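What follows is a short report on a single structure.
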There are 2 protein chains.
Amino acid sequence: MTLQKTFNGSASISTFATMNSLIEENYLKSLFNLSGKSGEVNVNELSKQLEIKMPTVTSMMKKLAKKKLVHYESYKPLRLTEKGKKQAVDIIRKHRLTEMFLVQKMGIGWEDVHHIAEQVEHIQSPVFFEKMDELLGYPKLDPHGSPIPDKNGKMEWKHYNKLSECKAGETIKLAAAINTSVEFLKFLNSRELRLGLKLKIKSIEPFDNTMIVTYDKRLAETLSHTVCERLLVEKL
Amino acid sequence: MTLQKTFNGSASISTFATMNSLIEENYLKSLFNLSGKSGEVNVNELSKQLEIKMPTVTSMMKKLAKKKLVHYESYKPLRLTEKGKKQAVDIIRKHRLTEMFLVQKMGIGWEDVHHIAEQVEHIQSPVFFEKMDELLGYPKLDPHGSPIPDKNGKMEWKHYNKLSECKAGETIKLAAAINTSVEFLKFLNSRELRLGLKLKIKSIEPFDNTMIVTYDKRLAETLSHTVCERLLVEKL
DNA sequence: GTATAAAGTTAGATTAATAAAACAAAATTA
DNA sequence: TAATTTTGTTTTATTAATCTAACTTTATAC
């Protein structure tokens, strides 16, 4: 138990030994998001992701290494420790739960929730997020189809295919959107493309890989390769 | 329009010229809360409220003065400018709306919401708070009986009496709790004392001003002077 | 109306997060 | 494999928010 200040300056007792700064949390989150199968992340990648210069990243990695949150050795790739991974996953859990809550319980558009969740994810209050989880009925996926880790940090990534890798004639179901920028999500809205939607691939332009698809009452919608690269689907 | 970083480091366009730091926001909020009728606040008071030493406060006041958020003159009391007051009221609006949302829509106890609202109040997203307001049906009061400013910053303070100033024999309705610490609210919970509750003052101990009151099925509940000082009531 | 106390300011130091410049190691390419 | 580019680190500097110590102004008390 440590004594710490709340934001309004009144003293309060906290059971959290680790009051991570918002800044540290963002480093952890990016590290997690950049770790592929190997779990390795380069300083350069992280620097670009966070838009923070490499020397700053290096020094922060040393700091996080002291806290046993990352494995750091000069000139070697970065890796989160188990402790670091746990904290990162918790932030991602809070982010995705929030997105789901904003869409499902507050009626905010899926294109607007990321920006809000980026802020809410740093709130320190287990009760708050447990209540969200409960009210949502313990959802497994967020509004963009990404898995929500459970309280123990477990999350199931189903194996999806990129729409761009499907063939003409196939019928598929939209499962998730990758790299969910406001513009992309607004584009999907404008074509009434939503998760769970079934669509059929009528043809593929060999020249530029543009797809012609049908769904609902839309008989020939054109989707660029860029769009198809960003959509994950389930084959039916 | 200014270009700024979001918390995850991705660039985004913001329409807010003024991205106040959380720290500045806390100074503004405390300044507002400490301004009585005169609107004047001493550096010393502010320093104590925020648990920040006076020299730090002085230098922050100079900074806020440059931003036209406070009127500052050496050795004179501090006053918020209209601009500063507006920003402070907006933070208070966000705080109280959040408390109401947490209680009404998320089922979190009124003793737990302050701590969460202290964090949520700093979130930058008009949409988020407008949705809260709408879902709550544009409430005028928060769960502790404090008025919620509307979008234009207007708030109505009804005139309430302190319970401690009432006389034996009077029947009153609990209207608001002042200085809402977790301990105090838990105490109220333990006695089933809640806002809106009608109670009758049976007698007052002249020695220590303790009150004996009745309400619901409780026929003789004792309330210390300290408690009665912290409860605002409406006379019936 | 001095003397003392309280409140407020100034000056100097510290810490965290950042960047620029210079340097070192590793990877790529010719 | 030597030259070049890319990546990563070290050193030095800056900014924001904080503090302590020393000093000044205003308020209070005798």
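Lettering and numbering for the structure tokens are positional, with chains as A, B, ... in the shown order, residues counted from 1 in each chain, and ligands counted from 1 in the shown order.
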Q. Which residues come within 8 Å of Ile178 in chain A, counting only C-alpha atoms (C1' of nucleotides), excluding same-chain residues fewer than 4 positions away, as a ChimeraX atom specification?
A. /A:144,230-232
Q) Taking the backbone alone, and naming residues the way the document does, which bits of range 64-180 of chain B are strand (DSSP E or B) by DSSP, as an MDAnalysis selection string? A) chainID B and resid 70:71 78:80 141 147 161:162 171:177
For the residues in that selection, give me N, CA and C atoms as a PDB file, in the first residue's frame.
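Full text of again11.pdb as output:
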```pdb
ATOM      1  N   VAL B  70      -6.064  33.534 -15.675  1.00  0.00           N
ATOM      2  CA  VAL B  70      -6.230  34.157 -14.342  1.00  0.00           C
ATOM      3  C   VAL B  70      -5.699  35.590 -14.370  1.00  0.00           C
ATOM      4  N   HIS B  71      -6.279  36.426 -13.493  1.00  0.00           N
ATOM      5  CA  HIS B  71      -5.747  37.756 -13.259  1.00  0.00           C
ATOM      6  C   HIS B  71      -4.702  37.598 -12.172  1.00  0.00           C
ATOM      7  N   LEU B  78      -5.751  35.957  -6.182  1.00  0.00           N
ATOM      8  CA  LEU B  78      -5.940  35.455  -7.543  1.00  0.00           C
ATOM      9  C   LEU B  78      -7.414  35.524  -7.926  1.00  0.00           C
ATOM     10  N   ARG B  79      -7.672  35.766  -9.202  1.00  0.00           N
ATOM     11  CA  ARG B  79      -9.034  35.680  -9.724  1.00  0.00           C
ATOM     12  C   ARG B  79      -9.015  35.038 -11.100  1.00  0.00           C
ATOM     13  N   LEU B  80      -9.941  34.164 -11.359  1.00  0.00           N
ATOM     14  CA  LEU B  80     -10.071  33.594 -12.695  1.00  0.00           C
ATOM     15  C   LEU B  80     -10.590  34.665 -13.651  1.00  0.00           C
ATOM     16  N   LEU B 141     -28.685  17.884 -11.428  1.00  0.00           N
ATOM     17  CA  LEU B 141     -27.911  17.641 -10.211  1.00  0.00           C
ATOM     18  C   LEU B 141     -27.098  16.359 -10.320  1.00  0.00           C
ATOM     19  N   PRO B 147     -25.064  20.962  -8.401  1.00  0.00           N
ATOM     20  CA  PRO B 147     -25.641  21.271  -9.709  1.00  0.00           C
ATOM     21  C   PRO B 147     -24.672  20.973 -10.848  1.00  0.00           C
ATOM     22  N   ASN B 161     -30.327  24.690   3.411  1.00  0.00           N
ATOM     23  CA  ASN B 161     -29.845  24.925   4.772  1.00  0.00           C
ATOM     24  C   ASN B 161     -29.002  23.741   5.208  1.00  0.00           C
ATOM     25  N   LYS B 162     -28.093  24.005   6.098  1.00  0.00           N
ATOM     26  CA  LYS B 162     -27.372  22.888   6.698  1.00  0.00           C
ATOM     27  C   LYS B 162     -28.303  22.195   7.682  1.00  0.00           C
ATOM     28  N   THR B 171     -39.395  18.987   9.969  1.00  0.00           N
ATOM     29  CA  THR B 171     -39.304  17.885   9.019  1.00  0.00           C
ATOM     30  C   THR B 171     -38.585  18.411   7.786  1.00  0.00           C
ATOM     31  N   ILE B 172     -37.599  17.662   7.326  1.00  0.00           N
ATOM     32  CA  ILE B 172     -36.768  18.155   6.223  1.00  0.00           C
ATOM     33  C   ILE B 172     -36.477  17.032   5.223  1.00  0.00           C
ATOM     34  N   LYS B 173     -35.966  17.437   4.060  1.00  0.00           N
ATOM     35  CA  LYS B 173     -35.615  16.481   3.015  1.00  0.00           C
ATOM     36  C   LYS B 173     -34.131  16.628   2.716  1.00  0.00           C
ATOM     37  N   LEU B 174     -33.414  15.530   2.654  1.00  0.00           N
ATOM     38  CA  LEU B 174     -31.977  15.614   2.349  1.00  0.00           C
ATOM     39  C   LEU B 174     -31.795  16.046   0.899  1.00  0.00           C
ATOM     40  N   ALA B 175     -31.005  17.100   0.691  1.00  0.00           N
ATOM     41  CA  ALA B 175     -30.847  17.650  -0.661  1.00  0.00           C
ATOM     42  C   ALA B 175     -29.451  17.456  -1.236  1.00  0.00           C
ATOM     43  N   ALA B 176     -28.448  17.513  -0.399  1.00  0.00           N
ATOM     44  CA  ALA B 176     -27.082  17.400  -0.920  1.00  0.00           C
ATOM     45  C   ALA B 176     -26.106  17.067   0.195  1.00  0.00           C
ATOM     46  N   ALA B 177     -24.984  16.466  -0.200  1.00  0.00           N
ATOM     47  CA  ALA B 177     -23.909  16.162   0.737  1.00  0.00           C
ATOM     48  C   ALA B 177     -22.734  17.062   0.381  1.00  0.00           C
TER      49      ALA B 177
END
```
Can I have chain A aligned to chain B? Use a least-squares fit on all Cα atoms paired in order and write it out as a PDB file with C-alpha atoms, in the first residue's frame.
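Final output, saved to result_34.pdb:
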```pdb
ATOM      1  CA  MET A   1      -6.935  24.211 -36.458  1.00  0.00           C
ATOM      2  CA  THR A   2      -3.708  22.872 -35.027  1.00  0.00           C
ATOM      3  CA  LEU A   3      -1.877  19.655 -35.678  1.00  0.00           C
ATOM      4  CA  GLN A   4      -1.223  17.654 -32.573  1.00  0.00           C
ATOM      5  CA  LYS A   5      -0.299  14.203 -31.425  1.00  0.00           C
ATOM      6  CA  THR A   6      -2.835  11.821 -29.983  1.00  0.00           C
ATOM      7  CA  PHE A   7      -1.746   9.633 -27.127  1.00  0.00           C
ATOM      8  CA  ASN A   8      -0.672   6.779 -29.355  1.00  0.00           C
ATOM      9  CA  GLY A   9       1.442   9.087 -31.353  1.00  0.00           C
ATOM     10  CA  SER A  10      -0.592   9.122 -34.529  1.00  0.00           C
ATOM     11  CA  ALA A  11      -1.150  12.561 -35.914  1.00  0.00           C
ATOM     12  CA  SER A  12      -4.642  14.005 -35.878  1.00  0.00           C
ATOM     13  CA  ILE A  13      -6.327  17.291 -36.514  1.00  0.00           C
ATOM     14  CA  SER A  14      -7.940  18.982 -33.564  1.00  0.00           C
ATOM     15  CA  THR A  15     -10.349  21.870 -33.545  1.00  0.00           C
ATOM     16  CA  PHE A  16      -9.306  22.783 -30.005  1.00  0.00           C
ATOM     17  CA  ALA A  17      -6.785  25.536 -29.962  1.00  0.00           C
ATOM     18  CA  THR A  18      -6.285  24.942 -26.240  1.00  0.00           C
ATOM     19  CA  MET A  19      -5.123  21.483 -25.328  1.00  0.00           C
ATOM     20  CA  ASN A  20      -4.864  22.143 -21.618  1.00  0.00           C
ATOM     21  CA  SER A  21      -2.658  19.871 -19.696  1.00  0.00           C
ATOM     22  CA  LEU A  22      -4.295  17.854 -16.992  1.00  0.00           C
ATOM     23  CA  ILE A  23      -2.161  19.848 -14.572  1.00  0.00           C
ATOM     24  CA  GLU A  24      -3.462  23.224 -15.699  1.00  0.00           C
ATOM     25  CA  GLU A  25      -6.974  21.850 -15.556  1.00  0.00           C
ATOM     26  CA  ASN A  26      -6.517  20.873 -11.944  1.00  0.00           C
ATOM     27  CA  TYR A  27      -5.296  24.349 -11.051  1.00  0.00           C
ATOM     28  CA  LEU A  28      -8.316  25.886 -12.780  1.00  0.00           C
ATOM     29  CA  LYS A  29     -10.731  23.541 -11.078  1.00  0.00           C
ATOM     30  CA  SER A  30      -9.312  24.233  -7.628  1.00  0.00           C
ATOM     31  CA  LEU A  31      -9.326  27.956  -8.273  1.00  0.00           C
ATOM     32  CA  PHE A  32     -12.982  27.754  -9.184  1.00  0.00           C
ATOM     33  CA  ASN A  33     -13.890  25.599  -6.211  1.00  0.00           C
ATOM     34  CA  LEU A  34     -12.112  27.942  -3.814  1.00  0.00           C
ATOM     35  CA  SER A  35     -13.638  31.142  -5.199  1.00  0.00           C
ATOM     36  CA  GLY A  36     -16.394  32.257  -2.926  1.00  0.00           C
ATOM     37  CA  LYS A  37     -18.694  35.171  -3.682  1.00  0.00           C
ATOM     38  CA  SER A  38     -15.780  37.545  -4.068  1.00  0.00           C
ATOM     39  CA  GLY A  39     -14.140  35.267  -6.580  1.00  0.00           C
ATOM     40  CA  GLU A  40     -10.855  35.750  -4.788  1.00  0.00           C
ATOM     41  CA  VAL A  41      -8.447  32.955  -3.896  1.00  0.00           C
ATOM     42  CA  ASN A  42      -5.194  33.182  -1.963  1.00  0.00           C
ATOM     43  CA  VAL A  43      -2.044  31.503  -3.195  1.00  0.00           C
ATOM     44  CA  ASN A  44      -1.772  29.815   0.166  1.00  0.00           C
ATOM     45  CA  GLU A  45      -5.246  28.275  -0.008  1.00  0.00           C
ATOM     46  CA  LEU A  46      -4.655  27.001  -3.495  1.00  0.00           C
ATOM     47  CA  SER A  47      -1.295  25.619  -2.462  1.00  0.00           C
ATOM     48  CA  LYS A  48      -2.898  23.684   0.383  1.00  0.00           C
ATOM     49  CA  GLN A  49      -5.815  22.427  -1.689  1.00  0.00           C
ATOM     50  CA  LEU A  50      -3.536  21.065  -4.398  1.00  0.00           C
ATOM     51  CA  GLU A  51      -0.798  19.928  -2.002  1.00  0.00           C
ATOM     52  CA  ILE A  52       1.675  21.864  -4.101  1.00  0.00           C
ATOM     53  CA  LYS A  53       4.163  24.289  -2.551  1.00  0.00           C
ATOM     54  CA  MET A  54       3.564  28.013  -2.834  1.00  0.00           C
ATOM     55  CA  PRO A  55       6.472  28.872  -5.148  1.00  0.00           C
ATOM     56  CA  THR A  56       5.196  26.342  -7.644  1.00  0.00           C
ATOM     57  CA  VAL A  57       1.727  27.790  -7.437  1.00  0.00           C
ATOM     58  CA  THR A  58       3.043  31.316  -7.944  1.00  0.00           C
ATOM     59  CA  SER A  59       4.889  30.328 -11.084  1.00  0.00           C
ATOM     60  CA  MET A  60       1.911  28.436 -12.449  1.00  0.00           C
ATOM     61  CA  MET A  61      -0.265  31.488 -11.828  1.00  0.00           C
ATOM     62  CA  LYS A  62       2.090  33.556 -13.914  1.00  0.00           C
ATOM     63  CA  LYS A  63       1.832  31.002 -16.665  1.00  0.00           C
ATOM     64  CA  LEU A  64      -1.978  30.949 -16.492  1.00  0.00           C
ATOM     65  CA  ALA A  65      -1.986  34.743 -16.424  1.00  0.00           C
ATOM     66  CA  LYS A  66      -0.076  34.765 -19.710  1.00  0.00           C
ATOM     67  CA  LYS A  67      -2.777  32.551 -21.136  1.00  0.00           C
ATOM     68  CA  LYS A  68      -5.408  34.984 -19.854  1.00  0.00           C
ATOM     69  CA  LEU A  69      -6.915  32.364 -17.565  1.00  0.00           C
ATOM     70  CA  VAL A  70      -6.266  34.160 -14.261  1.00  0.00           C
ATOM     71  CA  HIS A  71      -5.802  37.747 -13.150  1.00  0.00           C
ATOM     72  CA  TYR A  72      -2.497  37.866 -11.356  1.00  0.00           C
ATOM     73  CA  GLU A  73      -0.781  40.703  -9.535  1.00  0.00           C
ATOM     74  CA  SER A  74       1.986  40.260  -6.988  1.00  0.00           C
ATOM     75  CA  TYR A  75       0.728  39.967  -3.417  1.00  0.00           C
ATOM     76  CA  LYS A  76      -2.877  40.310  -4.537  1.00  0.00           C
ATOM     77  CA  PRO A  77      -5.504  37.572  -4.360  1.00  0.00           C
ATOM     78  CA  LEU A  78      -6.007  35.435  -7.458  1.00  0.00           C
ATOM     79  CA  ARG A  79      -9.090  35.658  -9.636  1.00  0.00           C
ATOM     80  CA  LEU A  80     -10.108  33.568 -12.629  1.00  0.00           C
ATOM     81  CA  THR A  81     -10.752  35.512 -15.820  1.00  0.00           C
ATOM     82  CA  GLU A  82     -14.004  34.865 -17.668  1.00  0.00           C
ATOM     83  CA  LYS A  83     -12.080  32.586 -19.980  1.00  0.00           C
ATOM     84  CA  GLY A  84     -10.604  30.721 -17.016  1.00  0.00           C
ATOM     85  CA  LYS A  85     -13.963  30.447 -15.341  1.00  0.00           C
ATOM     86  CA  LYS A  86     -15.475  29.019 -18.497  1.00  0.00           C
ATOM     87  CA  GLN A  87     -12.820  26.345 -18.734  1.00  0.00           C
ATOM     88  CA  ALA A  88     -13.114  25.513 -15.049  1.00  0.00           C
ATOM     89  CA  VAL A  89     -16.874  25.166 -15.266  1.00  0.00           C
ATOM     90  CA  ASP A  90     -16.520  22.882 -18.239  1.00  0.00           C
ATOM     91  CA  ILE A  91     -14.265  20.572 -16.252  1.00  0.00           C
ATOM     92  CA  ILE A  92     -16.729  20.608 -13.362  1.00  0.00           C
ATOM     93  CA  ARG A  93     -19.532  19.862 -15.801  1.00  0.00           C
ATOM     94  CA  LYS A  94     -17.607  16.888 -17.116  1.00  0.00           C
ATOM     95  CA  HIS A  95     -16.877  15.698 -13.587  1.00  0.00           C
ATOM     96  CA  ARG A  96     -20.468  15.851 -12.416  1.00  0.00           C
ATOM     97  CA  LEU A  97     -21.953  14.394 -15.577  1.00  0.00           C
ATOM     98  CA  THR A  98     -19.527  11.528 -15.222  1.00  0.00           C
ATOM     99  CA  GLU A  99     -20.479  10.918 -11.606  1.00  0.00           C
ATOM    100  CA  MET A 100     -24.118  10.825 -12.578  1.00  0.00           C
ATOM    101  CA  PHE A 101     -23.421   8.480 -15.466  1.00  0.00           C
ATOM    102  CA  LEU A 102     -21.398   6.125 -13.308  1.00  0.00           C
ATOM    103  CA  VAL A 103     -24.161   5.907 -10.713  1.00  0.00           C
ATOM    104  CA  GLN A 104     -27.193   5.902 -12.986  1.00  0.00           C
ATOM    105  CA  LYS A 105     -26.014   4.016 -16.038  1.00  0.00           C
ATOM    106  CA  MET A 106     -23.238   1.847 -14.697  1.00  0.00           C
ATOM    107  CA  GLY A 107     -24.482   0.993 -11.206  1.00  0.00           C
ATOM    108  CA  ILE A 108     -21.360   2.154  -9.399  1.00  0.00           C
ATOM    109  CA  GLY A 109     -21.821   3.253  -5.772  1.00  0.00           C
ATOM    110  CA  TRP A 110     -21.879   7.012  -5.098  1.00  0.00           C
ATOM    111  CA  GLU A 111     -18.955   6.583  -2.735  1.00  0.00           C
ATOM    112  CA  ASP A 112     -16.768   5.242  -5.545  1.00  0.00           C
ATOM    113  CA  VAL A 113     -17.526   7.641  -8.375  1.00  0.00           C
ATOM    114  CA  HIS A 114     -15.500  10.669  -7.327  1.00  0.00           C
ATOM    115  CA  HIS A 115     -12.164   8.951  -7.819  1.00  0.00           C
ATOM    116  CA  ILE A 116     -13.128   7.791 -11.313  1.00  0.00           C
ATOM    117  CA  ALA A 117     -14.645  11.126 -12.312  1.00  0.00           C
ATOM    118  CA  GLU A 118     -11.437  12.910 -11.301  1.00  0.00           C
ATOM    119  CA  GLN A 119      -9.787  11.064 -14.167  1.00  0.00           C
ATOM    120  CA  VAL A 120     -12.622  11.051 -16.702  1.00  0.00           C
ATOM    121  CA  GLU A 121     -13.146  14.816 -16.346  1.00  0.00           C
ATOM    122  CA  HIS A 122      -9.937  15.432 -18.308  1.00  0.00           C
ATOM    123  CA  ILE A 123     -11.027  13.529 -21.387  1.00  0.00           C
ATOM    124  CA  GLN A 124     -11.144  15.702 -24.475  1.00  0.00           C
ATOM    125  CA  SER A 125     -14.197  14.693 -26.459  1.00  0.00           C
ATOM    126  CA  PRO A 126     -17.322  16.838 -26.679  1.00  0.00           C
ATOM    127  CA  VAL A 127     -19.209  13.918 -28.257  1.00  0.00           C
ATOM    128  CA  PHE A 128     -18.512  11.693 -25.280  1.00  0.00           C
ATOM    129  CA  PHE A 129     -19.956  14.096 -22.737  1.00  0.00           C
ATOM    130  CA  GLU A 130     -22.848  15.171 -24.927  1.00  0.00           C
ATOM    131  CA  LYS A 131     -23.842  11.539 -25.264  1.00  0.00           C
ATOM    132  CA  MET A 132     -23.661  11.087 -21.487  1.00  0.00           C
ATOM    133  CA  ASP A 133     -25.819  14.149 -20.984  1.00  0.00           C
ATOM    134  CA  GLU A 134     -28.359  12.920 -23.517  1.00  0.00           C
ATOM    135  CA  LEU A 135     -28.503   9.382 -22.120  1.00  0.00           C
ATOM    136  CA  LEU A 136     -29.036  10.798 -18.646  1.00  0.00           C
ATOM    137  CA  GLY A 137     -31.828  13.101 -19.845  1.00  0.00           C
ATOM    138  CA  TYR A 138     -29.943  16.358 -19.198  1.00  0.00           C
ATOM    139  CA  PRO A 139     -29.735  16.059 -15.411  1.00  0.00           C
ATOM    140  CA  LYS A 140     -29.518  19.200 -13.267  1.00  0.00           C
ATOM    141  CA  LEU A 141     -27.902  17.586 -10.225  1.00  0.00           C
ATOM    142  CA  ASP A 142     -25.146  15.059  -9.681  1.00  0.00           C
ATOM    143  CA  PRO A 143     -25.447  12.088  -7.296  1.00  0.00           C
ATOM    144  CA  HIS A 144     -24.294  14.193  -4.351  1.00  0.00           C
ATOM    145  CA  GLY A 145     -26.784  16.962  -5.016  1.00  0.00           C
ATOM    146  CA  SER A 146     -24.368  19.400  -6.659  1.00  0.00           C
ATOM    147  CA  PRO A 147     -25.633  21.224  -9.728  1.00  0.00           C
ATOM    148  CA  ILE A 148     -24.380  20.171 -13.148  1.00  0.00           C
ATOM    149  CA  PRO A 149     -23.557  23.184 -15.331  1.00  0.00           C
ATOM    150  CA  ASP A 150     -25.238  23.066 -18.727  1.00  0.00           C
ATOM    151  CA  LYS A 151     -23.342  23.301 -22.020  1.00  0.00           C
ATOM    152  CA  ASN A 152     -23.227  27.087 -21.696  1.00  0.00           C
ATOM    153  CA  GLY A 153     -21.816  26.896 -18.207  1.00  0.00           C
ATOM    154  CA  LYS A 154     -24.990  27.912 -16.420  1.00  0.00           C
ATOM    155  CA  MET A 155     -25.767  26.181 -13.174  1.00  0.00           C
ATOM    156  CA  GLU A 156     -28.423  26.802 -10.595  1.00  0.00           C
ATOM    157  CA  TRP A 157     -27.433  26.611  -6.971  1.00  0.00           C
ATOM    158  CA  LYS A 158     -30.622  26.279  -4.997  1.00  0.00           C
ATOM    159  CA  HIS A 159     -30.409  27.697  -1.547  1.00  0.00           C
ATOM    160  CA  TYR A 160     -30.212  24.878   0.930  1.00  0.00           C
ATOM    161  CA  ASN A 161     -29.792  24.940   4.690  1.00  0.00           C
ATOM    162  CA  LYS A 162     -27.319  22.915   6.631  1.00  0.00           C
ATOM    163  CA  LEU A 163     -28.998  20.201   8.681  1.00  0.00           C
ATOM    164  CA  SER A 164     -26.967  21.484  11.629  1.00  0.00           C
ATOM    165  CA  GLU A 165     -28.824  24.796  11.441  1.00  0.00           C
ATOM    166  CA  CYS A 166     -32.295  23.244  11.686  1.00  0.00           C
ATOM    167  CA  LYS A 167     -34.341  23.079  14.857  1.00  0.00           C
ATOM    168  CA  ALA A 168     -35.965  20.263  16.789  1.00  0.00           C
ATOM    169  CA  GLY A 169     -39.413  19.388  15.450  1.00  0.00           C
ATOM    170  CA  GLU A 170     -38.666  20.365  11.862  1.00  0.00           C
ATOM    171  CA  THR A 171     -39.262  17.966   8.992  1.00  0.00           C
ATOM    172  CA  ILE A 172     -36.743  18.209   6.177  1.00  0.00           C
ATOM    173  CA  LYS A 173     -35.591  16.513   2.991  1.00  0.00           C
ATOM    174  CA  LEU A 174     -31.962  15.625   2.309  1.00  0.00           C
ATOM    175  CA  ALA A 175     -30.835  17.643  -0.692  1.00  0.00           C
ATOM    176  CA  ALA A 176     -27.065  17.376  -0.953  1.00  0.00           C
ATOM    177  CA  ALA A 177     -23.895  16.149   0.704  1.00  0.00           C
ATOM    178  CA  ILE A 178     -20.951  18.503   1.118  1.00  0.00           C
ATOM    179  CA  ASN A 179     -17.361  17.344   0.921  1.00  0.00           C
ATOM    180  CA  THR A 180     -18.090  13.880  -0.315  1.00  0.00           C
ATOM    181  CA  SER A 181     -15.351  11.642   0.992  1.00  0.00           C
ATOM    182  CA  VAL A 182     -15.623   7.888   0.589  1.00  0.00           C
ATOM    183  CA  GLU A 183     -15.822   7.459   4.358  1.00  0.00           C
ATOM    184  CA  PHE A 184     -18.643   9.949   4.759  1.00  0.00           C
ATOM    185  CA  LEU A 185     -20.670   8.440   1.923  1.00  0.00           C
ATOM    186  CA  LYS A 186     -20.132   4.953   3.313  1.00  0.00           C
ATOM    187  CA  PHE A 187     -21.393   6.205   6.654  1.00  0.00           C
ATOM    188  CA  LEU A 188     -24.534   7.570   4.968  1.00  0.00           C
ATOM    189  CA  ASN A 189     -25.006   4.248   3.176  1.00  0.00           C
ATOM    190  CA  SER A 190     -24.709   2.371   6.457  1.00  0.00           C
ATOM    191  CA  ARG A 191     -27.593   4.417   7.907  1.00  0.00           C
ATOM    192  CA  GLU A 192     -29.595   4.245   4.672  1.00  0.00           C
ATOM    193  CA  LEU A 193     -29.361   8.006   4.361  1.00  0.00           C
ATOM    194  CA  ARG A 194     -29.825   9.020   0.726  1.00  0.00           C
ATOM    195  CA  LEU A 195     -30.752  12.186  -1.127  1.00  0.00           C
ATOM    196  CA  GLY A 196     -34.474  12.880  -1.268  1.00  0.00           C
ATOM    197  CA  LEU A 197     -35.041  11.163   2.051  1.00  0.00           C
ATOM    198  CA  LYS A 198     -37.476  12.912   4.416  1.00  0.00           C
ATOM    199  CA  LEU A 199     -36.568  13.012   8.038  1.00  0.00           C
ATOM    200  CA  LYS A 200     -37.838  14.555  11.238  1.00  0.00           C
ATOM    201  CA  ILE A 201     -35.667  16.101  13.904  1.00  0.00           C
ATOM    202  CA  LYS A 202     -36.805  14.687  17.213  1.00  0.00           C
ATOM    203  CA  SER A 203     -34.364  16.487  19.454  1.00  0.00           C
ATOM    204  CA  ILE A 204     -30.978  18.162  19.657  1.00  0.00           C
ATOM    205  CA  GLU A 205     -28.484  17.567  22.455  1.00  0.00           C
ATOM    206  CA  PRO A 206     -27.589  21.048  23.687  1.00  0.00           C
ATOM    207  CA  PHE A 207     -24.232  19.826  24.940  1.00  0.00           C
ATOM    208  CA  ASP A 208     -22.688  18.672  21.632  1.00  0.00           C
ATOM    209  CA  ASN A 209     -25.398  19.518  19.078  1.00  0.00           C
ATOM    210  CA  THR A 210     -25.975  15.843  18.276  1.00  0.00           C
ATOM    211  CA  MET A 211     -29.325  15.336  16.541  1.00  0.00           C
ATOM    212  CA  ILE A 212     -31.791  12.536  17.098  1.00  0.00           C
ATOM    213  CA  VAL A 213     -33.786  12.007  13.921  1.00  0.00           C
ATOM    214  CA  THR A 214     -36.394   9.588  12.565  1.00  0.00           C
ATOM    215  CA  TYR A 215     -36.910   8.396   8.986  1.00  0.00           C
ATOM    216  CA  ASP A 216     -38.142   5.264   7.225  1.00  0.00           C
ATOM    217  CA  LYS A 217     -38.315   2.592   9.893  1.00  0.00           C
ATOM    218  CA  ARG A 218     -35.562   4.145  11.936  1.00  0.00           C
ATOM    219  CA  LEU A 219     -37.131   5.712  15.004  1.00  0.00           C
ATOM    220  CA  ALA A 220     -34.149   7.228  16.753  1.00  0.00           C
ATOM    221  CA  GLU A 221     -30.980   7.607  14.749  1.00  0.00           C
ATOM    222  CA  THR A 222     -28.207   9.743  16.224  1.00  0.00           C
ATOM    223  CA  LEU A 223     -26.266  12.101  13.945  1.00  0.00           C
ATOM    224  CA  SER A 224     -23.189  13.924  15.185  1.00  0.00           C
ATOM    225  CA  HIS A 225     -22.765  17.639  14.633  1.00  0.00           C
ATOM    226  CA  THR A 226     -19.967  16.872  12.167  1.00  0.00           C
ATOM    227  CA  VAL A 227     -22.378  14.837  10.092  1.00  0.00           C
ATOM    228  CA  CYS A 228     -25.116  17.476  10.309  1.00  0.00           C
ATOM    229  CA  GLU A 229     -22.677  20.137   9.141  1.00  0.00           C
ATOM    230  CA  ARG A 230     -22.077  18.156   5.978  1.00  0.00           C
ATOM    231  CA  LEU A 231     -25.696  17.626   4.980  1.00  0.00           C
ATOM    232  CA  LEU A 232     -27.744  20.188   3.079  1.00  0.00           C
ATOM    233  CA  VAL A 233     -31.504  20.016   3.418  1.00  0.00           C
ATOM    234  CA  GLU A 234     -34.714  21.525   2.164  1.00  0.00           C
ATOM    235  CA  LYS A 235     -37.228  22.525   4.797  1.00  0.00           C
ATOM    236  CA  LEU A 236     -40.700  21.059   4.303  1.00  0.00           C
TER     237      LEU A 236
END
```
Q: Give me the residues within 10 Å of DA26 in chain C as a list in words, counting only C-alpha atoms (C1' of nucleotides) and dropping any in the same chain fewer than 6 places off.
A: Tyr75 of chain A; DT6, DT7 and DG8 of chain D
With chain A as the partner and 9 Å as the cut-off, tabulate the residues of chain C that qualify, each row holding the nearest pair of atoms and their distance in Å to one decimal, using only C-alpha atoms (C1' of nucleotides), sorted by chain and rising number, as CSV.
```
residue,atom,partner,partner_atom,distance
C:DA17,C1',A:Thr56,CA,7.8
C:DT18,C1',A:Thr56,CA,6.6
C:DA19,C1',A:Lys53,CA,7.1
C:DA25,C1',A:Tyr75,CA,7.4
C:DA26,C1',A:Tyr75,CA,8.1
```
Dump as CSV the rows for residues of chain C within 8 Å of range 13-25 of chain D: closest atom pair and distance in Å with one decimal, only C-alpha atoms (C1' of nucleotides) counted, ordered by chain and rising residue number.
```
residue,atom,partner,partner_atom,distance
C:DG8,C1',D:DT25,C1',7.4
C:DT9,C1',D:DT24,C1',7.2
C:DT10,C1',D:DC23,C1',7.6
C:DT14,C1',D:DC19,C1',7.6
```
Q. What is the distance, in Å and to one decimal place, between C1' of DT15 in chain C and C1' of DT12 in chain D?
A.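 Between C1' of DT15 in chain C and C1' of DT12 in chain D the gap is 16.6 Å.
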